[in-house]
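See structure below.
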Amino acid sequence: MSAWYDNSVFYHMYPLGMVGAPKENHEEKPTEKFLELDAWIPHLKDLGVSAIYIGPLFESTKHGYDTRDFHLVDRRLGTNDDFKQFVALCHEAGIYVVVDGVFNHTGREFFAFKDIQEHRDASPYKDWYKGVNFGQGSPLGDSFSYEAWQGHMELPALNHWNPAVREHLLDAVTFWVKEFDIDGIRLDCANVLDFDFMKALRSHCDSLKADFWLMGEVIHGDYSRWANDSMLHSVTNYELHKGLYSGHNDYNCFEIAHTIRRQSEANGGIYKNINLYTFVDNHDENRIMSKLNNKAHVFTVYTMLFTLPGIPSIYYGSEWGVEGARTSTCDDMLRPAISPDQFEELHTELTDHVERLAHLHRNHPALGTGAYRELLLTNRQYAYARSLGDEHIITAVNIDDAPASMQVRLPMGGSVVKDLFTEEESAVENGSLNLSLQPGESKIFKIVG
């Protein structure tokens with residue numbers, strides 16, 4: 001039996017950006033910005049979202065990943081009670097809540113780092129960070145040096161071999177579950193986290209809450225190194241993310257199909273029993289509408305996101321076609337403030353398309369955990385099936401700039417299919433589904449007879 005996350009539609013929220021929080025945390029008292037985030041929940045429910053990944057959330061100095069305190073919500077958003085209320089409202093709406101776990105590093109204002117600054121090698125926390133060396137200074141003027149994430153000295157790297165560090169982080173997780181009733185954690189920088197720490201985290205979370213979900217941020221490599229029975233349940237599928245936009249830009253469905261063949265267990269792929277977290281953009285990547293050469297391709301991109309294997313995620317604002325591209329020094333364009341008052345004016349045909357797809361994904365288990373089978377593949381046309389038990393869902397897409405005729409063989413059988421967008425039924429002729437698709441059109445069918 002699949003868990004809740006296997007059939008979920010996620011919504012990715014970057015709260016500091018969404019509410020237009022100050023870039024630096026100089027607030028003396030907590031704000032009430034969670035009231036704005038509460039107002040998103042009805043929109044998410046209507047959109048078909050069943051889970052959110054929200055973060056970073058906890059008290060920090062600037063962008064949210066320079067943690068000051070694992071036990072406090074960032075005061076630029078509100079109080080712990082405000083977040084508790086947000087989670088309760090999500091649960092009332094049938095939406096699970098997954099938060100960012102920034103466990104690889106802290107900010108320089110974290111209590112342990114500040115104690116080392118003050119007491120040097122007399123500090124009881126001198127072994128809490130990697131590579132602390134009291135024989136030389138740091139580029140930021142400290143009387144000691146230390147390792148930092150990717151050389152960003154404002155993000156000193158934690159030493160997960162230290163039992164006290166592990167205990168502090170696991171205690172924080174216990175606090176989040178008991179205090180806020182969260183349903184999972186997305187691990188920031190999972191690709192560089194210590195494997196033994198992730199094993200301890202998995203065991204700890206399994207004992208805290210049934211079906212608690214752990215997903216990690218991993219870009220390159222063999223995803224099964226992180227996602228397996230003893231560590232994480234899932235990781236970010238950057239491989240498919242790249243294939244979706246570049247396959248469309250190059251008019252090359254083979255790139256997308258190759259990724260699925262390589263990964264899909266049903267096709268002899270390398271990942272067994274792993275449902276990867278799929279997305280077309282996020283808070284670190286340019287918006288999909290800014291990546292596509294032909295913006296009309298956004299419709300088939302989302303069709304594939306919701307019907308290919310994986311747990312689909314929508315990044316806030318992209319359901320309205322919001323654009324945004326980062327620069328070499330700034331990510332602000334990826335993380336704009338959007339007020340709930342803007343929802344109606346932002347609504348587009350794309351919003352309706354994403355909503356239809358989200359509801360289809362949730363209502364058809366085969367789209368969540370069904371086996372994948374490739375049915376037709378050319379450079380610009382692609383058809384495939386997802387099958388679970390007696391349920392067979394067929395997706396056909398045409399990414400060409402011209403109409404296309406497609407003859408899709410149905411090896412699973414069936415004499416009648418229903419178009420899940422229009423509810424119209426069509427006959428299967430001699431084991432094939434004969435289709436005519438307009439430029440950039442996609443269709444999704446279910447075998448009903």
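By order of appearance in the structure tokens: chains A, B, ..., then residues from 1 within every chain, and ligands from 1 in the order shown.
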Per DSSP on the backbone, filter segment 41-183 of chain A down to the residues in alpha helix (DSSP H) and report them as number ranges by chain. A: 41-47, 80-92, 111-119, 163-180
Filtered DSSP result for segment 188-318 of chain A, state strand (DSSP E or B), as a PyMOL selection string: chain A and resi 213-216+227+232+234-236+277-279+311-315
Could I get the residues of segment 7-123 of chain A with an atom no further than 12 Å from an atom of segment 197-203 of chain A, each paired with its nearest atom pair and that distance in Å to one decimal, using only C-alpha atoms, sorted by chain and residue number, as a Markdown table?
```
| residue | atom | partner | partner_atom | distance |
| --- | --- | --- | --- | --- |
| A:Gly101 | CA | A:Leu201 | CA | 11.1 |
| A:Phe103 | CA | A:Phe197 | CA | 9.8 |
| A:Asn104 | CA | A:Phe197 | CA | 10.3 |
```
Residue contacts of Thr79 of chain A (12 Å, only C-alpha atoms) excluding same-chain residues fewer than 5 positions away, as a ChimeraX atom specification: /A:29-35,57-59,71-74,84-86,180
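Between His364 of chain A and the residues A:Ile260, A:Arg287, A:Gln438, A:Lys446, the shortest atom-to-atom distance, using only C-alpha atoms, involves A:Lys446.
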Write out as a count of residues only each polymer residue whose atoms come within 10 Å of Leu360 of chain A, counting only C-alpha atoms; drop sequence neighbours fewer than 6 positions from it. 8
